[in-house]
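Below is one structure; the comments refer to it alone.
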Amino acid sequence: MNRIVLWILIFSVVVAPATATPKTREVADEDVDRAIGELKRYLYAQQKPDGGWGSWHPEFDADGDTAIAVFALLEAGESPDDPRMKKGLAALVAVKPRRRQAYVIATRIMALSLIVAQKKNSPYRDQLVRDVAWLTKNARRMQGAWGYRGADTNGDNSVSQFALLALWEADRAGVKVDSTLIRLAERTWIRRQRRNGGWTYAGQANLVEAKTTTSMTAAGLASLYLCQDVLSNRSGPYPTQRNAEKAWRYLAKNLKPDFHKDEYLAFCIQRVGLSSGRKYIADMNWYALGAAEYAKPVPSGRRFRSKWGPWVRAAFELIFLARGRLPLTFNKLQHGKEAVWNWHNRDIANFSEYMRRWYERRMRWQIVKIADDVRELLDAPIMLVSGTKALTFSKDQWNKLREYTLRGGVLLFVPTNNNRPFINSAKEALEDLYAEQRELAGGYYTLKKLPSDHPLYSASGERIRNGEKVLPMYGVSDGTRLLAVVCERDISATWQRKRYSSGGVDFRLGVNFLFYATGANALQSRMRPVFIGKDRAAKYSAKVAWVRHGGNWSTQPYALNYLAQKLRAENRVSLDVTVGAALTADALAGHKLAWMSGSDKFVLKENQLDALEKYLDGGGTLFVNAVGGSREFRRSAELMLERLFEGKDVFRGGASSNSPLMTGKCGKFRGPIIGDLKRTKAWVKVSPEAGSPLIAYQYAGRIMAIYAPNGIHDTLDGHTAHGAKSYMPKSARDIAANVVLYAMMDKPKPKPKKPATEPSTQPSTQPAPTTTPTTTKPNG
């Protein structure tokens with residue numbers, strides 16, 4: 001019992017008001033959404049009647065402005081069928097290759113490749129093929145370098161990076177590019193690298209006075225990664241690794257926090273950040289830093305000052321914001337020497353490309369350090385931990401990995417070259433890692449071998465036959481989802497070697513992991529709700545008792561922490577949560593809300609029901625939620641509520657559209673308006689239509705108990721589990737916020753009485769209920 005009490009105390013601190021935790025970034029997802037929308041509107045406003053964008057600067061070609069604007073809008077998700085985009089594409093396709101047009105043609109290739117990659121029979125495919133032919137003409141003879149006029153041995157590094165990136169995008173769209181040309185381009189980039197590790201704008205090696213720049217160094221480094229992806233599938237150090245390390249050292253010394261002031265430099269930084277998977281460059285979270293500046297609200301309106309013109313700057317900013325927040329598939333954990341954790345150095349890069357080609361999902365990945373703030377690790381739903389030897393994490397490091405899983409992530413341990421010491425060390429650590437949680441929720445949090453019928457072998461739709469033998473795995477579950485998995489087979493080696501056919505089972509398992517960890521729901525740009533940067537001083541406080549019971553009550557231990565962030569940011573309300581509150585009158589006293597969630601069946605004793613009854617009669621509010629829509633918990637919850645209100649004049653029904661729970665009008669508080677609620681795919685599949693999200697138990701104008709038969713608690717942390725019949729995170733947080741705000745309202749406290757034995761002939765004085773009567777079972 002002492003260890004249980006200790007666990008409760010620990011998590012009582014975790015759910016403390018949001019001000020107790022430091023900020024991890026200065027911009028929230030909704031800020032980036034707003035900024036992307038503003039940039040799109042700005043670019044469309046500059047479009048000319050002929051569909052192009054003209055030229056702001058008299059010395060620059062108008063075709064270049066049109067090309068970068070169209071490319072940026074497509075990168076940001078604009079449909080090529082939008083009438084404005086059709087006009088823009090028509091103007092872009094009308095451009096004829098001529099002198100000083102390599103930039104324009106390369107950018108047009110990138111734009112058209114985005115369309116053709118999604119639709120192979122696109123009418124733009126023929127133009128794409130012609131553009132690739134123009135760009136590659138004489139390119140092998142020119143050693144894979146380009147200048148303004150096309151292939152050119154002495155062409156500059158800026159045009160060369162655009163040309164190389166264009167050929168890469170075309171290849172991904174199905175227009176095959178000669179690998180020999182890419183090999184020549186790689187050699188040219190290596191030959192042009194300076195002793196200090198950087199690159200200059202000029203391409204001629206004899207221009208000793210040319211200055212090394214951070215933008216061209218980022219371009220050169222990103223180009224090396226691109227060439228490696230085309231040319232190699234080998235594990236271990238790549239021949240250009242030392243060149244890359246020199247370039248990283250140059251950037252570490254010379255990249256400044258204000259890099260975003262130069263939009264072209266920001267473009268180059270996002271390129272190298274995405275191609276390398278690095279979340280941090282020069283110890284800076286490059287995307288968070290740039291996004292914070294580009295998404296900064298300016299009431300008077302943004303002014304896009306640039307030597308290339310305002311809409312060119314706006315286009316580069318849009319590309320930075322849109323590409324940098326593509327959904328993440330995996331974190332890859334950096335630990336120890338690179339040869340230990342990164343032997344298969346392009347494994348996740350290749351898997352992400354596999355997902356893009358076979359599942360038409362544009363994704364990214366990132367390398368993270370175990371020293372990073374755990375909340376930032378949650379950008380991706382899965383963390384890959386690989387190694388060539390036994391793990392040697394400290395206790396604190398293991399605890400951080402545990403927190404990542406308890407906040408919604410999944411750990412995947414994969415042994416490089418099937419290294420047995422690595423497998424054994426991971427299993428041994430996981431046996432004890434969740435000891436406190438195991439004591440609290442007996443039967444769960446234990447490492448067990450996964451059977452062949454486990455969803456991990458079939459989550460993507462096609463079952464892996466004899467999965468238990470072909471791909472043996474061990475996992476730790478909290479009763480609703482897996483927290484950590486040890487795979488005894490080196491699936492990363494297959495990803496590294498791009499064995500799409502012979503190693504299909506390994507790629508399929510990776511897809512299954514992604515579908516399992518996300519519940520097959522659409523990947524979000526950030527996997528956790530972010531209210532950081534919108535912290536406000538609290539004016540009000542709500543005491544919430546998170547009730548302990550026998551139905552696996554303690555899953556998603558950080559759920560109320562995320563809800564607390566939302567309430568503080570939007571309503572200036574802090575949550576004071578008692579975690580693991582006992583069902584006794586004394587323990588519940590003084591709490592505005594009793595929060596009861598779980599996934600298993602349970603039965604309350606009479607004295608516990610009596611305590612709940614006394615709590616409700618005293619003005620408290622009860623919220624009951626079936627995690628993931630669990631049938632076992634729902635049966636138990638409905639029986640408990642039936643016993644609790646048996647023989648009492650309590651009205652039961654779905655919350656109507658004018659209920660405070662739906663309008664958000666809770667006395668002096670204003671919560672979200674509950675309207676178009678989003679649900680998980682697993683729920684929609686079995687129940688295309690959904691009724692009211694909440695069933696209210698009401699007496700004399702006061703809702704005493706609120707029952708949610710489908711998942712809310714489990715998605716508050718921003719994650720959706722496999723098979724969960726739940727509301728999607730934003731919808732869940734909106735509903736939960738209104739539940740808390742309603743509990744905080746000043747309400748009458750009449751004690752429910754049993755109805756008279758003889759029917760009354762007096763007119764009713766009870767207010768009309770704000771619920772809709774229901775006798776049917778909840779959805780799902």
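Going by the structure tokens order, chains are called A, B, ..., each with residues numbered from 1, while ligands are numbered from 1 in the order shown.
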
Determine which residues of segment 344-481 of chain A DSSP labels as strand (DSSP E or B) from the backbone of this structure, then write them out as a PyMOL selection string. chain A and resi 364-369+382-387+410-415+448-449+473-477

Create the file for the chosen residues now, containing C-alpha atoms and written as a short mmCIF file (atom, residue, chain, number, x, y, z; two decimals), in the first residue's frame.
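Result went into selection05.cif, see below:
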```cif
data_model
loop_
_atom_site.label_atom_id
_atom_site.label_comp_id
_atom_site.auth_asym_id
_atom_site.auth_seq_id
_atom_site.Cartn_x
_atom_site.Cartn_y
_atom_site.Cartn_z
CA ARG A 364 8.36 12.97 -41.66
CA TRP A 365 10.47 11.60 -38.83
CA GLN A 366 12.95 12.97 -36.35
CA ILE A 367 15.92 12.11 -34.17
CA VAL A 368 15.50 12.95 -30.50
CA LYS A 369 17.74 12.83 -27.46
CA ILE A 382 6.18 5.92 -31.68
CA MET A 383 9.75 6.04 -30.42
CA LEU A 384 12.18 3.61 -32.03
CA VAL A 385 15.00 2.50 -29.73
CA SER A 386 17.61 0.41 -31.51
CA GLY A 387 21.11 -0.71 -30.60
CA VAL A 410 4.65 3.79 -27.59
CA LEU A 411 8.22 2.53 -27.22
CA LEU A 412 9.48 0.10 -29.86
CA PHE A 413 12.73 -1.69 -29.09
CA VAL A 414 14.43 -3.23 -32.17
CA PRO A 415 17.76 -5.12 -31.89
CA LYS A 448 4.04 -10.64 -21.94
CA LYS A 449 4.60 -12.35 -25.28
CA MET A 473 7.29 -9.63 -29.82
CA TYR A 474 6.79 -8.90 -26.12
CA GLY A 475 4.69 -6.03 -24.85
CA VAL A 476 3.53 -4.11 -21.78
CA SER A 477 -0.13 -3.02 -21.74
#
```

Contacts of segment 289-336 of chain A with segment 266-274 of chain A up to 9 Å, shortest pair per row, only C-alpha atoms, as JSON lines:
```
{"residue": "A:Gly290", "atom": "CA", "partner": "A:Ala266", "partner_atom": "CA", "distance": 7.6}
{"residue": "A:Phe316", "atom": "CA", "partner": "A:Phe267", "partner_atom": "CA", "distance": 6.3}
{"residue": "A:Glu317", "atom": "CA", "partner": "A:Phe267", "partner_atom": "CA", "distance": 7.7}
{"residue": "A:Ile319", "atom": "CA", "partner": "A:Phe267", "partner_atom": "CA", "distance": 7.3}
{"residue": "A:Phe320", "atom": "CA", "partner": "A:Phe267", "partner_atom": "CA", "distance": 5.9}
{"residue": "A:Arg323", "atom": "CA", "partner": "A:Gln270", "partner_atom": "CA", "distance": 7.7}
{"residue": "A:Gly324", "atom": "CA", "partner": "A:Gln270", "partner_atom": "CA", "distance": 6.5}
```

Any chance you can output those residues with all heavy atoms as an mmCIF file, in the first residue's frame?
```cif
data_model
loop_
_atom_site.group_PDB
_atom_site.id
_atom_site.type_symbol
_atom_site.label_atom_id
_atom_site.label_comp_id
_atom_site.auth_asym_id
_atom_site.auth_seq_id
_atom_site.Cartn_x
_atom_site.Cartn_y
_atom_site.Cartn_z
ATOM 1 N N GLY A 290 11.381 29.080 -35.734
ATOM 2 C CA GLY A 290 10.907 29.781 -36.917
ATOM 3 C C GLY A 290 9.401 29.983 -36.914
ATOM 4 O O GLY A 290 8.903 31.056 -37.277
ATOM 5 N N PHE A 316 8.148 31.526 -49.208
ATOM 6 C CA PHE A 316 9.151 30.774 -48.451
ATOM 7 C C PHE A 316 8.686 30.524 -47.016
ATOM 8 O O PHE A 316 8.914 29.446 -46.451
ATOM 9 C CB PHE A 316 10.493 31.516 -48.453
ATOM 10 C CG PHE A 316 11.344 31.237 -49.664
ATOM 11 C CD1 PHE A 316 11.852 32.269 -50.428
ATOM 12 C CD2 PHE A 316 11.631 29.935 -50.031
ATOM 13 C CE1 PHE A 316 12.638 32.016 -51.543
ATOM 14 C CE2 PHE A 316 12.419 29.665 -51.149
ATOM 15 C CZ PHE A 316 12.925 30.702 -51.912
ATOM 16 N N GLU A 317 8.039 31.509 -46.401
ATOM 17 C CA GLU A 317 7.515 31.306 -45.044
ATOM 18 C C GLU A 317 6.446 30.219 -45.034
ATOM 19 O O GLU A 317 6.392 29.389 -44.123
ATOM 20 C CB GLU A 317 6.943 32.614 -44.500
ATOM 21 C CG GLU A 317 7.985 33.649 -44.134
ATOM 22 C CD GLU A 317 7.384 34.830 -43.385
ATOM 23 O OE1 GLU A 317 6.214 34.730 -42.939
ATOM 24 O OE2 GLU A 317 8.082 35.858 -43.244
ATOM 25 N N ILE A 319 6.151 27.682 -47.127
ATOM 26 C CA ILE A 319 6.813 26.385 -47.304
ATOM 27 C C ILE A 319 7.414 25.918 -45.981
ATOM 28 O O ILE A 319 7.284 24.753 -45.593
ATOM 29 C CB ILE A 319 7.906 26.474 -48.397
ATOM 30 C CG1 ILE A 319 7.270 26.723 -49.767
ATOM 31 C CG2 ILE A 319 8.752 25.210 -48.425
ATOM 32 C CD1 ILE A 319 8.264 27.085 -50.850
ATOM 33 N N PHE A 320 8.054 26.825 -45.267
ATOM 34 C CA PHE A 320 8.667 26.490 -43.985
ATOM 35 C C PHE A 320 7.616 25.963 -43.007
ATOM 36 O O PHE A 320 7.795 24.905 -42.397
ATOM 37 C CB PHE A 320 9.356 27.721 -43.399
ATOM 38 C CG PHE A 320 10.021 27.489 -42.071
ATOM 39 C CD1 PHE A 320 11.365 27.151 -42.007
ATOM 40 C CD2 PHE A 320 9.313 27.602 -40.880
ATOM 41 C CE1 PHE A 320 11.984 26.929 -40.782
ATOM 42 C CE2 PHE A 320 9.915 27.386 -39.655
ATOM 43 C CZ PHE A 320 11.260 27.042 -39.607
ATOM 44 N N ARG A 323 5.812 22.465 -44.533
ATOM 45 C CA ARG A 323 6.657 21.266 -44.573
ATOM 46 C C ARG A 323 7.130 20.873 -43.181
ATOM 47 O O ARG A 323 7.246 19.696 -42.865
ATOM 48 C CB ARG A 323 7.862 21.508 -45.490
ATOM 49 C CG ARG A 323 7.515 21.488 -46.962
ATOM 50 C CD ARG A 323 8.747 21.745 -47.809
ATOM 51 N NE ARG A 323 9.764 20.727 -47.644
ATOM 52 C CZ ARG A 323 9.835 19.582 -48.331
ATOM 53 N NH1 ARG A 323 8.904 19.318 -49.229
ATOM 54 N NH2 ARG A 323 10.806 18.726 -48.135
ATOM 55 N N GLY A 324 7.398 21.874 -42.355
ATOM 56 C CA GLY A 324 7.935 21.577 -41.029
ATOM 57 C C GLY A 324 6.955 20.897 -40.103
ATOM 58 O O GLY A 324 7.358 20.281 -39.117
#
```

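Rounded to one decimal, atom CA of Gly203 of chain A and atom CA of Arg187 of chain A lie 12.9 Å from each other.
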
Excluding segment 544-547 of chain A and residues on its chain fewer than 2 positions from it, collect all residues at most 6 Å away from it, counting only C-alpha atoms, and give them as a ChimeraX atom specification. /A:577-581,591,593-596

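Interatomic distance, atom CA of Glu436 of chain A to atom CA of Arg548 of chain A: 14.9 Å.
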
Non-local contacts of Ala173 of chain A (8 Å; only C-alpha atoms; under 3 positions in same chain excluded) as a list in words: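 Selected residues are Ser113, Leu114, Val116, Ala117, Gln118, Lys120, Glu169 and Ala170 of chain A.
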
Would you write out those residues with C-alpha atoms, as a PDB file, in the first residue's frame?
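Saved result, again.pdb, follows:
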```pdb
ATOM      1  CA  SER A 113       5.610  16.483 -58.856  1.00  0.00           C
ATOM      2  CA  LEU A 114       3.369  17.119 -55.856  1.00  0.00           C
ATOM      3  CA  VAL A 116       1.554  13.788 -60.177  1.00  0.00           C
ATOM      4  CA  ALA A 117       2.615  11.883 -57.040  1.00  0.00           C
ATOM      5  CA  GLN A 118      -1.036  11.944 -55.926  1.00  0.00           C
ATOM      6  CA  LYS A 120      -0.379   9.246 -61.779  1.00  0.00           C
ATOM      7  CA  GLU A 169      10.709  15.113 -56.166  1.00  0.00           C
ATOM      8  CA  ALA A 170      10.222  13.977 -59.774  1.00  0.00           C
TER       9      ALA A 170
END
```

Polymer residues at most 12 Å from segment 183-186 of chain A, only C-alpha atoms, same-chain spacing of 4 or more positions, as a compact mmCIF listing (two decimals) with N, CA and C atoms, in the first residue's frame:
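Result file around_39.txt:
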```
# COMPACT_ATOMS: atom_id res chain seq x y z
N THR A 136 17.94 17.81 -67.16
CA THR A 136 19.02 16.81 -67.15
C THR A 136 19.83 16.82 -68.45
N ALA A 139 23.54 17.22 -68.26
CA ALA A 139 23.88 17.32 -66.84
C ALA A 139 24.99 16.36 -66.43
N ARG A 140 25.05 15.18 -67.05
CA ARG A 140 26.13 14.25 -66.71
C ARG A 140 27.47 14.82 -67.17
N ARG A 141 27.48 15.40 -68.36
CA ARG A 141 28.72 15.99 -68.87
C ARG A 141 29.15 17.18 -68.02
N MET A 142 28.17 17.84 -67.38
CA MET A 142 28.46 18.99 -66.53
C MET A 142 28.65 18.61 -65.06
N GLN A 143 28.84 17.33 -64.80
CA GLN A 143 29.21 16.83 -63.47
C GLN A 143 28.10 17.06 -62.42
N GLY A 144 26.85 17.08 -62.88
CA GLY A 144 25.76 17.20 -61.92
C GLY A 144 25.71 18.55 -61.23
N ALA A 145 26.02 19.60 -61.96
CA ALA A 145 25.93 20.96 -61.43
C ALA A 145 25.07 21.78 -62.38
N TRP A 146 24.46 22.82 -61.84
CA TRP A 146 23.55 23.64 -62.63
C TRP A 146 23.76 25.13 -62.34
N ALA A 151 22.23 22.95 -67.00
CA ALA A 151 23.41 22.22 -66.55
C ALA A 151 24.67 23.01 -66.87
N ASP A 152 25.56 23.13 -65.88
CA ASP A 152 26.74 23.98 -66.03
C ASP A 152 27.78 23.54 -65.00
N THR A 153 28.95 23.14 -65.48
CA THR A 153 30.01 22.68 -64.58
C THR A 153 30.32 23.71 -63.51
N GLY A 155 28.19 26.02 -62.46
CA GLY A 155 26.95 26.57 -61.93
C GLY A 155 27.03 26.77 -60.42
N ASN A 157 25.87 26.93 -56.35
CA ASN A 157 25.33 25.92 -55.44
C ASN A 157 23.85 26.13 -55.14
N SER A 160 22.02 24.64 -58.07
CA SER A 160 22.28 23.20 -58.02
C SER A 160 21.42 22.50 -56.97
N GLN A 161 21.21 23.15 -55.82
CA GLN A 161 20.36 22.51 -54.82
C GLN A 161 18.91 22.46 -55.28
N ALA A 163 17.89 22.26 -58.42
CA ALA A 163 17.82 21.25 -59.47
C ALA A 163 17.82 19.84 -58.88
N LEU A 164 18.69 19.61 -57.90
CA LEU A 164 18.77 18.29 -57.29
C LEU A 164 17.48 17.95 -56.54
N LEU A 165 16.95 18.92 -55.83
CA LEU A 165 15.70 18.71 -55.11
C LEU A 165 14.56 18.44 -56.10
N LEU A 167 14.80 17.00 -59.08
CA LEU A 167 14.93 15.64 -59.60
C LEU A 167 14.50 14.60 -58.55
N VAL A 177 14.89 9.01 -62.52
CA VAL A 177 16.08 9.86 -62.70
C VAL A 177 17.31 8.97 -62.67
N ASP A 178 18.25 9.27 -63.54
CA ASP A 178 19.48 8.49 -63.68
C ASP A 178 20.32 8.58 -62.39
N SER A 179 20.60 7.44 -61.76
CA SER A 179 21.38 7.44 -60.53
C SER A 179 22.82 7.85 -60.77
N ILE A 190 30.84 17.32 -52.77
CA ILE A 190 32.00 17.00 -51.92
C ILE A 190 33.21 17.81 -52.35
N ARG A 191 33.42 17.91 -53.65
CA ARG A 191 34.57 18.65 -54.17
C ARG A 191 34.50 20.13 -53.82
N ARG A 192 33.29 20.66 -53.73
CA ARG A 192 33.12 22.09 -53.47
C ARG A 192 33.11 22.45 -51.99
N GLN A 193 33.07 21.46 -51.12
CA GLN A 193 33.03 21.77 -49.69
C GLN A 193 34.33 22.43 -49.24
N GLY A 220 24.06 22.36 -49.02
CA GLY A 220 25.01 21.30 -49.33
C GLY A 220 24.79 20.07 -48.48
N LEU A 221 24.54 20.27 -47.18
CA LEU A 221 24.34 19.15 -46.27
C LEU A 221 23.06 18.39 -46.62
N ALA A 222 21.98 19.11 -46.90
CA ALA A 222 20.73 18.46 -47.29
C ALA A 222 20.91 17.68 -48.59
N SER A 223 21.71 18.22 -49.50
CA SER A 223 21.95 17.54 -50.78
C SER A 223 22.71 16.24 -50.58
N LEU A 224 23.62 16.21 -49.61
CA LEU A 224 24.35 14.96 -49.32
C LEU A 224 23.38 13.87 -48.84
N TYR A 225 22.44 14.25 -47.98
CA TYR A 225 21.46 13.27 -47.50
C TYR A 225 20.58 12.78 -48.65
N LEU A 226 20.20 13.70 -49.53
CA LEU A 226 19.37 13.33 -50.66
C LEU A 226 20.11 12.33 -51.55
N CYS A 227 21.35 12.60 -51.84
CA CYS A 227 22.14 11.69 -52.67
C CYS A 227 22.28 10.33 -52.00
N GLN A 228 22.51 10.31 -50.71
CA GLN A 228 22.63 9.04 -49.99
C GLN A 228 21.36 8.22 -50.12
N ASP A 229 20.20 8.87 -50.00
CA ASP A 229 18.94 8.14 -50.09
C ASP A 229 18.74 7.52 -51.47
N VAL A 230 19.24 8.18 -52.50
CA VAL A 230 19.10 7.65 -53.86
C VAL A 230 20.11 6.54 -54.12
N LEU A 231 21.33 6.71 -53.62
CA LEU A 231 22.43 5.86 -54.04
C LEU A 231 22.72 4.67 -53.14
N SER A 232 22.27 4.70 -51.90
CA SER A 232 22.72 3.67 -50.97
C SER A 232 21.58 3.04 -50.19
N PRO A 239 30.00 6.77 -46.93
CA PRO A 239 31.28 7.40 -47.29
C PRO A 239 31.34 8.91 -47.07
N THR A 240 30.21 9.61 -47.16
CA THR A 240 30.24 11.06 -46.99
C THR A 240 29.94 11.49 -45.55
N ASN A 243 32.13 14.25 -44.21
CA ASN A 243 31.79 15.55 -44.81
C ASN A 243 30.56 16.13 -44.13
N ALA A 244 29.58 15.27 -43.85
CA ALA A 244 28.37 15.73 -43.17
C ALA A 244 28.70 16.22 -41.76
```

Figure out the distance between atom CA of Glu638 of chain A and atom CA of Ala705 of chain A, please, to one decimal in Å. 11.6 Å

For a quick check of understanding, using only C-alpha atoms, which of A:Ala295, A:Val175, A:Phe623, A:Ala106 has the smallest distance to Val159 of chain A? A:Ala106

Counting only C-alpha atoms, what is within 7 Å of Ala696 of chain A, bar same-chain residues fewer than 2 positions away, as a VMD selection string? chain A and resid 652 to 655 694 698 703 705 to 707 771

Mind checking DSSP for segment 511-677 of chain A and telling me the alpha helix (DSSP H) residues as a PyMOL selection string? chain A and resi 511-518+559-571+585-588+606-617+631-644+660-663
